[in-house]
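Visitor: One file: target25.cif (mmCIF, C-alpha atoms and all ligand atoms).
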```cif
data_data
loop_
_atom_site.label_atom_id
_atom_site.label_comp_id
_atom_site.auth_asym_id
_atom_site.auth_seq_id
_atom_site.Cartn_x
_atom_site.Cartn_y
_atom_site.Cartn_z
CA MET A 768 -15.83 -3.64 -5.24
CA GLY A 769 -16.08 -2.14 -8.67
CA PHE A 770 -12.73 -1.50 -10.24
CA CYS A 771 -11.76 -3.08 -13.54
CA PHE A 772 -8.20 -4.04 -12.68
CA LYS A 773 -6.73 -6.06 -9.87
CA THR A 774 -3.14 -5.02 -9.20
CA ASN A 775 -0.51 -5.29 -6.47
CA TYR A 776 2.96 -3.85 -6.97
CA HIS A 777 4.28 -4.41 -3.48
CA SER A 778 5.24 -7.94 -2.43
CA HIS A 779 8.28 -9.53 -0.84
CA SER A 780 9.67 -12.99 -1.51
CA GLU A 781 12.41 -15.10 0.00
CA PHE A 782 14.87 -12.74 -1.69
CA CYS A 783 14.35 -10.35 1.22
CA ASP A 784 12.13 -10.79 4.29
CA GLY A 785 9.15 -12.51 2.67
CA THR A 786 8.52 -16.21 2.38
CA GLY A 787 8.03 -18.18 -0.82
CA GLN A 788 9.68 -18.18 -4.21
CA LEU A 789 8.89 -15.71 -6.98
CA GLU A 790 7.19 -18.44 -9.00
CA GLU A 791 4.84 -19.23 -6.10
CA TYR A 792 3.75 -15.58 -6.01
CA VAL A 793 3.22 -15.51 -9.75
CA LYS A 794 1.07 -18.65 -9.58
CA ALA A 795 -0.97 -17.21 -6.70
CA ASP A 796 -1.31 -13.96 -8.64
CA ILE A 797 -2.61 -15.82 -11.70
CA ASN A 798 -5.00 -17.90 -9.56
CA LYS A 799 -6.47 -14.76 -8.04
CA GLY A 800 -6.84 -13.05 -11.40
CA PHE A 801 -4.44 -10.15 -11.03
CA ASP A 802 -3.92 -7.95 -14.10
CA ALA A 803 -0.54 -6.72 -12.91
CA PHE A 804 1.77 -7.80 -10.11
CA GLY A 805 5.11 -6.56 -8.87
CA PHE A 806 7.84 -7.26 -6.34
CA SER A 807 9.39 -4.65 -4.11
CA GLY A 808 12.39 -6.28 -2.52
CA HIS A 809 14.25 -4.47 0.24
CA ALA A 810 17.67 -3.23 -0.72
CA PRO A 811 20.41 -5.38 0.76
CA ARG A 812 21.78 -4.21 4.08
CA PRO A 813 25.39 -5.18 4.76
CA PHE A 814 24.88 -4.86 8.52
CA LYS A 815 22.57 -6.06 11.24
CA ASN A 816 19.57 -3.73 11.20
CA ASP A 817 18.20 -2.82 14.61
CA GLY A 818 16.17 0.07 13.21
CA VAL A 819 13.16 -2.00 12.22
CA ILE A 820 9.96 -1.03 13.98
CA GLN A 821 8.77 -3.80 16.26
CA GLN A 822 5.23 -4.83 15.36
CA ASN A 823 4.19 -5.76 18.88
CA ASN A 824 5.23 -2.34 20.17
CA LEU A 825 4.01 -0.15 17.32
CA LEU A 826 1.76 2.19 19.26
CA SER A 827 4.47 3.10 21.72
CA TYR A 828 6.50 4.84 19.01
CA PHE A 829 4.11 7.78 18.60
CA ASP A 830 0.49 8.83 18.49
CA GLU A 831 -0.48 9.87 14.97
CA THR A 832 -3.09 12.30 16.30
CA GLU A 833 -0.43 14.55 17.83
CA ASN A 834 -0.21 17.99 16.22
CA TRP A 835 3.45 17.71 15.19
CA HIS A 836 2.61 14.52 13.30
CA LYS A 837 -0.46 16.01 11.63
CA SER A 838 1.67 18.93 10.49
CA GLU A 839 4.31 16.59 9.05
CA ILE A 840 1.61 14.63 7.23
CA GLU A 841 0.20 17.81 5.68
CA THR A 842 3.66 18.90 4.55
CA THR A 843 4.42 15.46 3.13
CA LEU A 844 1.14 15.26 1.23
CA GLU A 845 1.67 18.74 -0.18
CA CYS A 846 5.09 17.65 -1.42
CA ILE A 847 3.62 14.48 -2.96
CA ALA A 848 0.98 16.54 -4.76
CA ASP A 849 3.46 19.19 -5.94
CA ASN A 850 5.65 16.47 -7.43
CA LYS A 851 2.73 14.61 -8.98
CA GLN A 852 3.54 11.36 -7.21
CA ILE A 853 1.27 8.43 -6.42
CA LEU A 854 0.45 7.45 -2.83
CA GLU A 855 0.41 3.79 -1.87
CA VAL A 856 -2.37 2.52 0.37
CA ASN A 857 -0.65 -0.37 2.10
CA THR A 858 -2.91 -3.06 3.51
CA GLY A 859 -0.77 -5.43 5.35
CA VAL A 860 2.58 -4.83 6.81
CA PHE A 861 2.41 -3.70 10.43
CA ILE A 862 -0.87 -4.68 12.04
CA ASP A 863 -3.05 -7.62 11.10
CA GLY A 864 -6.57 -6.71 10.07
CA PRO A 865 -8.25 -3.66 8.54
CA SER A 866 -6.93 -1.35 11.26
CA GLY A 867 -3.47 -1.99 9.84
CA ILE A 868 -4.25 -0.28 6.54
CA PHE A 869 -2.16 2.84 6.16
CA PRO A 870 -2.22 5.68 5.62
CA SER A 871 -5.12 6.09 8.04
CA ALA A 872 -8.54 7.20 6.81
CA TRP A 873 -8.02 10.82 7.92
CA ILE A 874 -4.74 11.00 6.01
CA LEU A 875 -6.34 9.53 2.93
CA GLN A 876 -9.02 12.23 3.08
CA ILE A 877 -6.35 14.94 3.12
CA ALA A 878 -4.61 13.19 0.21
CA LYS A 879 -7.89 13.30 -1.69
CA ASN A 880 -8.18 17.02 -0.96
CA TYR A 881 -4.80 17.40 -2.68
CA ASP A 882 -6.10 15.15 -5.50
CA ILE A 883 -3.17 12.76 -5.01
CA PRO A 884 -3.66 9.57 -7.03
CA ILE A 885 -3.46 6.30 -5.09
CA ILE A 886 -2.62 2.66 -5.62
CA ILE A 887 -3.50 -0.19 -3.31
CA SER A 888 -0.83 -2.75 -2.48
CA SER A 889 -0.69 -5.47 0.13
CA ASP A 890 3.04 -5.47 0.93
CA ALA A 891 2.66 -9.25 0.91
CA HIS A 892 5.36 -11.25 2.62
CA SER A 893 3.64 -14.55 1.80
CA THR A 894 1.54 -15.70 -1.14
CA ASP A 895 -1.66 -15.89 0.93
CA ARG A 896 -1.56 -12.11 1.42
CA ILE A 897 -1.28 -10.85 -2.15
CA ASP A 898 -4.77 -9.29 -1.95
CA TYR A 899 -4.88 -8.89 1.81
CA TYR A 900 -7.72 -6.54 2.87
CA PHE A 901 -8.03 -5.08 -0.63
CA ASN A 902 -11.80 -4.74 -0.38
CA GLU A 903 -11.51 -2.88 2.92
CA ALA A 904 -8.89 -0.55 1.42
CA LYS A 905 -11.13 0.14 -1.58
CA ILE A 906 -14.02 0.98 0.74
CA MET A 907 -11.72 3.25 2.72
CA ALA A 908 -10.62 4.96 -0.50
CA LYS A 909 -14.21 5.40 -1.61
CA ASN A 910 -15.15 6.86 1.77
CA ALA A 911 -12.31 9.36 1.39
CA GLY A 912 -13.83 10.45 -1.93
CA TYR A 913 -11.76 8.45 -4.39
CA ASN A 914 -13.60 7.06 -7.40
CA LYS A 915 -10.51 5.85 -9.25
CA LEU A 916 -7.21 4.11 -8.59
CA LYS A 917 -3.97 4.33 -10.54
CA VAL A 918 -2.94 1.05 -12.17
CA PHE A 919 0.14 0.26 -14.21
CA ILE A 920 -1.08 -1.87 -17.09
CA GLY A 921 1.13 -2.77 -20.02
CA ASP A 922 3.62 0.07 -20.07
CA LYS A 923 1.75 3.01 -18.59
CA TRP A 924 -0.21 4.33 -15.64
CA ILE A 925 -3.91 4.66 -16.26
CA ASP A 926 -6.94 5.51 -14.14
CA ASP A 927 -9.11 2.60 -13.08
CA GLU A 928 -12.52 4.14 -12.61
CA MET A 929 -14.91 2.71 -10.08
CA VAL A 930 -17.96 1.33 -11.90
ZN ZN B 1001 7.34 -3.81 1.71
#
```
Can the structure from this file be put into structure tokens for me?
Guide:
Amino acid sequence: MGFCFKTNYHSHSEFCDGTGQLEEYVKADINKGFDAFGFSGHAPRPFKNDGVIQQNNLLSYFDETENWHKSEIETTLECIADNKQILEVNTGVFIDGPSGIFPSAWILQIAKNYDIPIIISSDAHSTDRIDYYFNEAKIMAKNAGYNKLKVFIGDKWIDDEMV
């Protein structure tokens, strides 16, 4: 899909809960032609963490169509917009496949209504997922009304216009 830059700022290596060394990610990133690539390691936790959402039981935690959740989403997006922050579209952490892209399409449409800029990241935990479902996420963004992504190239954020 037609953006100029290929970027991913959200990947995990063996330094936290990903697999593979940093150098392996960098090589995969070069092979796939990324313009910018970043790591987002989890902060160290000096205790056993039982608070991690279990992937195989994700839908039992809550239904995102419930009114209380919709209200929280609206409030959160308003706060993001007021503070001129960027929203990450995350393509790969909880559920395999395009249905695992979050935020969901309806949330992305509200984000667009607030004119919140977005980035797309894969949250890769292995080198084979550094551009996991990027095309699907770009289509989802386009369907929500986005015609540009934010990319951090060199030393600044710029708009990557869809061509
Ligand atoms: Zn992550």
Visitor: Expressed in Å to a single decimal, how great is the separation between CA of Met907 in chain A and CA of Lys794 in chain A?
Guide: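 About the pair CA of Met907 in chain A and CA of Lys794 in chain A: they are 28.2 Å apart.
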Visitor: Step by step, measure atom-to-atom distances between ligand ZN 1001 (chain B) and each residue using only C-alpha atoms and all ligand atoms, keep those at most 12 Å, then write them as a list of chain:residue names.
Guide: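 Selection of residues at most 12 Å from ligand ZN 1001 (chain B): A:Asn775, A:Tyr776, A:His777, A:Ser778, A:His779, A:Ser780, A:Cys783, A:Asp784, A:Gly785, A:Gly805, A:Phe806, A:Ser807, A:Gly808, A:His809, A:Ala810, A:Glu855, A:Val856, A:Asn857, A:Thr858, A:Gly859, A:Val860, A:Phe861, A:Ser888, A:Ser889, A:Asp890, A:Ala891, A:His892, A:Ser893, A:Ile897.
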Visitor: Using only C-alpha atoms, pick whichever of A:Ser838, A:Glu845, A:Pro870, A:Phe772 has the shortest atom-to-atom distance to Gly800 in chain A.
Guide: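 Smallest separation from Gly800 in chain A among the options: A:Phe772.
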Visitor: With distances taken over all atoms listed in the file, which of A:Ala803, A:Phe869, A:Ile874, A:Tyr913 is nearest to Lys837 in chain A?
Guide: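 Checking each candidate against Lys837 in chain A, we get A:Ile874 as the closest.
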Visitor: May I have the residues within 12 Å of Thr843 in chain A as a PDB file with C-alpha atoms, keeping the file's coordinate frame, using only C-alpha atoms and disregarding those fewer than 4 positions away in the same chain?
Guide:
```
ATOM      1  CA  HIS A 836       2.610  14.520  13.300  1.00  0.00           C
ATOM      2  CA  LYS A 837      -0.460  16.010  11.630  1.00  0.00           C
ATOM      3  CA  SER A 838       1.670  18.930  10.490  1.00  0.00           C
ATOM      4  CA  GLU A 839       4.310  16.590   9.050  1.00  0.00           C
ATOM      5  CA  ILE A 847       3.620  14.480  -2.960  1.00  0.00           C
ATOM      6  CA  ALA A 848       0.980  16.540  -4.760  1.00  0.00           C
ATOM      7  CA  ASP A 849       3.460  19.190  -5.940  1.00  0.00           C
ATOM      8  CA  ASN A 850       5.650  16.470  -7.430  1.00  0.00           C
ATOM      9  CA  GLN A 852       3.540  11.360  -7.210  1.00  0.00           C
ATOM     10  CA  LEU A 854       0.450   7.450  -2.830  1.00  0.00           C
ATOM     11  CA  ILE A 874      -4.740  11.000   6.010  1.00  0.00           C
ATOM     12  CA  ILE A 877      -6.350  14.940   3.120  1.00  0.00           C
ATOM     13  CA  ALA A 878      -4.610  13.190   0.210  1.00  0.00           C
ATOM     14  CA  TYR A 881      -4.800  17.400  -2.680  1.00  0.00           C
ATOM     15  CA  ILE A 883      -3.170  12.760  -5.010  1.00  0.00           C
TER      16      ILE A 883
END
```
Visitor: Fewer than 4 positions away in the same chain doesn't count, so skip those; otherwise give me all residues within 10 Å of Asn902 in chain A, counting only C-alpha atoms, as a PDB file with C-alpha atoms, in the coordinates of the input.
Guide:
```pdb
ATOM      1  CA  MET A 768     -15.830  -3.640  -5.240  1.00  0.00           C
ATOM      2  CA  GLY A 769     -16.080  -2.140  -8.670  1.00  0.00           C
ATOM      3  CA  THR A 858      -2.910  -3.060   3.510  1.00  0.00           C
ATOM      4  CA  PRO A 865      -8.250  -3.660   8.540  1.00  0.00           C
ATOM      5  CA  ILE A 887      -3.500  -0.190  -3.310  1.00  0.00           C
ATOM      6  CA  ASP A 898      -4.770  -9.290  -1.950  1.00  0.00           C
ATOM      7  CA  ILE A 906     -14.020   0.980   0.740  1.00  0.00           C
ATOM      8  CA  MET A 907     -11.720   3.250   2.720  1.00  0.00           C
ATOM      9  CA  ALA A 908     -10.620   4.960  -0.500  1.00  0.00           C
TER      10      ALA A 908
END
```
